[in-house]
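Report on one structure; see the data block that follows.
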Amino acid sequence: MTKVAALFLLAGCGILAGATHARAGGPSDHFPNFPGNSPGIAQVVALDECDPTTFNAAEGPEFCKNIALGYSTTLANLLAGAEAGTPDPGWDFEPDTLVINQGTTVVVVDQGGEPHTFTEVKAFGNGFLPPLNPGSAASVIPECAGGFGSVAVAKTRILQGSQLNITGLSKGKHLFQCCIHPWMRMEVDVQ
């Protein structure tokens, strides 16, 4: 029986890992047995693969709480990829696109190893940490300006293992990105 359960778990992980588009908002739009799915709730997961040794050496003890088994990205590799404009795809919001009904609560869960933001922006662009922008660009989009010194940005922060609830989205297209890791982006379409 454990072999069958392991196969179902692996198949479920494969489906979830490959998902780039999801629809939520009503009972018929959800897998009924998927944890966290209920009418009026849509889940988004923030992911990363920080290497605890290199991140904690630079950022302080317990900064990176990665629980990935067998794979992680060093801080040097993350910075090099971001600088070159080829950021690590392990830092991501899943799904990439979400279609919901108006009134649905978007629940963003940080299952990565480090903090992120889920900040609504008018247009995607650079975050508040130049080393994580392409070419280490110092320019910052208005919604990310000031970093965590801005209350508006600080309110969108999600720590490892925590969640952020987004409510009251109007009909139309909404863009969200991480102001720390600006390649972490997603679109929420409200119908």
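Naming works like this for the structure tokens: A, B, ... for the chains as they're shown, residue 1 at the start of each chain, ligands 1 onward in shown order.
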As a PyMOL selection string, please: the residues near stretch 101-109 of chain A (cut-off 9 Å, only C-alpha atoms, same-chain neighbours under 5 positions excluded).
chain A and resi 23-26+36+39-47+93+118+158-171+189-191
Limited to C-alpha atoms, could you put the picked residues into a file as a short mmCIF file (atom, residue, chain, number, x, y, z; two decimals), in the first residue's frame?
```
data_model
loop_
_atom_site.label_atom_id
_atom_site.label_comp_id
_atom_site.auth_asym_id
_atom_site.auth_seq_id
_atom_site.Cartn_x
_atom_site.Cartn_y
_atom_site.Cartn_z
CA ARG A 23 -8.64 28.76 -12.25
CA ALA A 24 -10.35 29.20 -8.92
CA GLY A 25 -13.40 30.76 -7.41
CA GLY A 26 -16.23 28.25 -7.23
CA GLY A 36 -6.48 24.56 1.09
CA PRO A 39 -15.09 27.90 -2.36
CA GLY A 40 -13.83 31.47 -2.43
CA ILE A 41 -10.18 30.62 -1.76
CA ALA A 42 -7.32 30.32 -4.27
CA GLN A 43 -3.83 29.34 -3.14
CA VAL A 44 -0.54 30.67 -4.49
CA VAL A 45 2.78 29.21 -3.36
CA ALA A 46 6.04 31.19 -3.13
CA LEU A 47 9.02 28.94 -3.72
CA PHE A 93 5.16 31.92 -7.62
CA PHE A 118 3.62 39.55 -2.95
CA ILE A 158 5.62 36.80 3.70
CA LEU A 159 8.11 34.90 5.82
CA GLN A 160 9.02 31.24 5.39
CA GLY A 161 6.10 29.15 6.56
CA SER A 162 3.64 32.06 6.77
CA GLN A 163 0.83 33.26 4.54
CA LEU A 164 -0.64 36.51 3.23
CA ASN A 165 -4.32 36.91 2.35
CA ILE A 166 -5.27 39.18 -0.56
CA THR A 167 -8.93 40.24 -0.54
CA GLY A 168 -11.13 42.72 -2.34
CA LEU A 169 -9.56 42.48 -5.80
CA SER A 170 -11.64 44.31 -8.42
CA LYS A 171 -12.55 42.76 -11.76
CA ASP A 189 -7.40 37.75 -13.58
CA VAL A 190 -10.59 38.53 -11.68
CA GLN A 191 -13.89 37.80 -13.43
#
```
Using only C-alpha atoms, which residues sit within 12 Å of A:Phe176 once same-chain residues fewer than 5 positions away are excluded, as a PyMOL selection string?
chain A and resi 44+46+92-98+106+108+116-125+127+143-144+153+156+166+169+181-189
Residue contacts of A:Pro52 (7 Å, only C-alpha atoms) excluding same-chain residues fewer than 2 positions away, as a list in words:
Cys50, Thr54, Phe55, Asn56, Cys64, Lys65 and Asn66 of chain A
Selection export as a PDB file, in the first residue's frame, atoms kept: C-alpha atoms:
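Dumped to out.pdb:
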```pdb
ATOM      1  CA  CYS A  50      18.173  29.030  -0.972  1.00  0.00           C
ATOM      2  CA  THR A  54      25.835  30.502   2.033  1.00  0.00           C
ATOM      3  CA  PHE A  55      22.699  32.587   2.675  1.00  0.00           C
ATOM      4  CA  ASN A  56      22.983  32.360   6.475  1.00  0.00           C
ATOM      5  CA  CYS A  64      17.406  30.723   4.983  1.00  0.00           C
ATOM      6  CA  LYS A  65      15.296  27.849   6.250  1.00  0.00           C
ATOM      7  CA  ASN A  66      15.359  25.718   3.119  1.00  0.00           C
TER       8      ASN A  66
END
```
Mind the document's chain letters and residue numbers, and return as a list in words the residues of stretch 84-130 of chain A that DSSP labels strand (DSSP E).
Asp92, Phe93, Glu94, Thr97, Leu98, Val99, Ile100, Thr105, Val106, Val107, Val108, Val109, Asp110, His116, Thr117, Thr119, Glu120 and Val121 of chain A
For atom CA of A:Glu49 and atom CA of A:Ser72, quote the distance in Å rounded to one decimal.
4.8 Å
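The space between atom CA of A:Gly146 and atom CA of A:Phe128 spans 7.0 Å.
If you look at atom CA of A:Ala152 and atom CA of A:Gly60, they are 25.0 Å away from each other.
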Give me, as a list in words, all polymer residues having an atom no more than 12 Å from A:Ala82, counting only C-alpha atoms and skipping those fewer than 2 positions away in the same chain.
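Close residues of A:Ala82: Leu75, Ala76, Asn77, Leu78, Leu79, Ala80, Ala84, Gly85, Thr86, Pro87, Asp88, Pro89, Trp91, Asn126, Gly127, Leu129, Pro130, Pro131, Leu132, Asn133, Pro134, Gly135, Ser136, Ala137, Ile180, His181, Pro182, Trp183 and Met184 of chain A.
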Output as a PyMOL selection string all residues of stretch 58-152 of chain A that backbone DSSP marks as alpha helix (DSSP H).
chain A and resi 58-59+75-83+151-152
Next, dump the selected residues to file, keeping only N, CA and C atoms, as a short mmCIF file (atom, residue, chain, number, x, y, z; two decimals), in the first residue's frame.
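part-v1.cif was written with the following content:
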```cif
data_model
loop_
_atom_site.label_atom_id
_atom_site.label_comp_id
_atom_site.auth_asym_id
_atom_site.auth_seq_id
_atom_site.Cartn_x
_atom_site.Cartn_y
_atom_site.Cartn_z
N ALA A 58 25.93 35.05 4.99
CA ALA A 58 25.86 36.45 4.56
C ALA A 58 24.76 37.24 5.25
N GLU A 59 23.62 36.59 5.49
CA GLU A 59 22.43 37.31 5.99
C GLU A 59 22.17 37.11 7.48
N LEU A 75 24.12 31.56 -2.64
CA LEU A 75 23.88 33.00 -2.77
C LEU A 75 24.67 33.55 -3.96
N ALA A 76 25.92 33.12 -4.13
CA ALA A 76 26.73 33.60 -5.26
C ALA A 76 26.09 33.26 -6.60
N ASN A 77 25.57 32.05 -6.73
CA ASN A 77 24.92 31.66 -7.99
C ASN A 77 23.62 32.42 -8.22
N LEU A 78 22.86 32.68 -7.15
CA LEU A 78 21.63 33.45 -7.29
C LEU A 78 21.95 34.87 -7.78
N LEU A 79 22.94 35.50 -7.15
CA LEU A 79 23.32 36.86 -7.52
C LEU A 79 23.87 36.92 -8.95
N ALA A 80 24.69 35.95 -9.34
CA ALA A 80 25.26 35.93 -10.69
C ALA A 80 24.16 35.78 -11.74
N GLY A 81 23.21 34.90 -11.51
CA GLY A 81 22.11 34.71 -12.45
C GLY A 81 21.23 35.94 -12.57
N ALA A 82 20.91 36.56 -11.45
CA ALA A 82 20.09 37.77 -11.47
C ALA A 82 20.80 38.89 -12.22
N GLU A 83 22.08 39.07 -11.93
CA GLU A 83 22.89 40.12 -12.59
C GLU A 83 22.92 39.91 -14.10
N VAL A 151 5.85 51.15 4.46
CA VAL A 151 4.78 50.35 5.07
C VAL A 151 4.04 49.55 4.00
N ALA A 152 3.83 50.17 2.83
CA ALA A 152 3.11 49.49 1.75
C ALA A 152 3.83 48.21 1.32
#
```
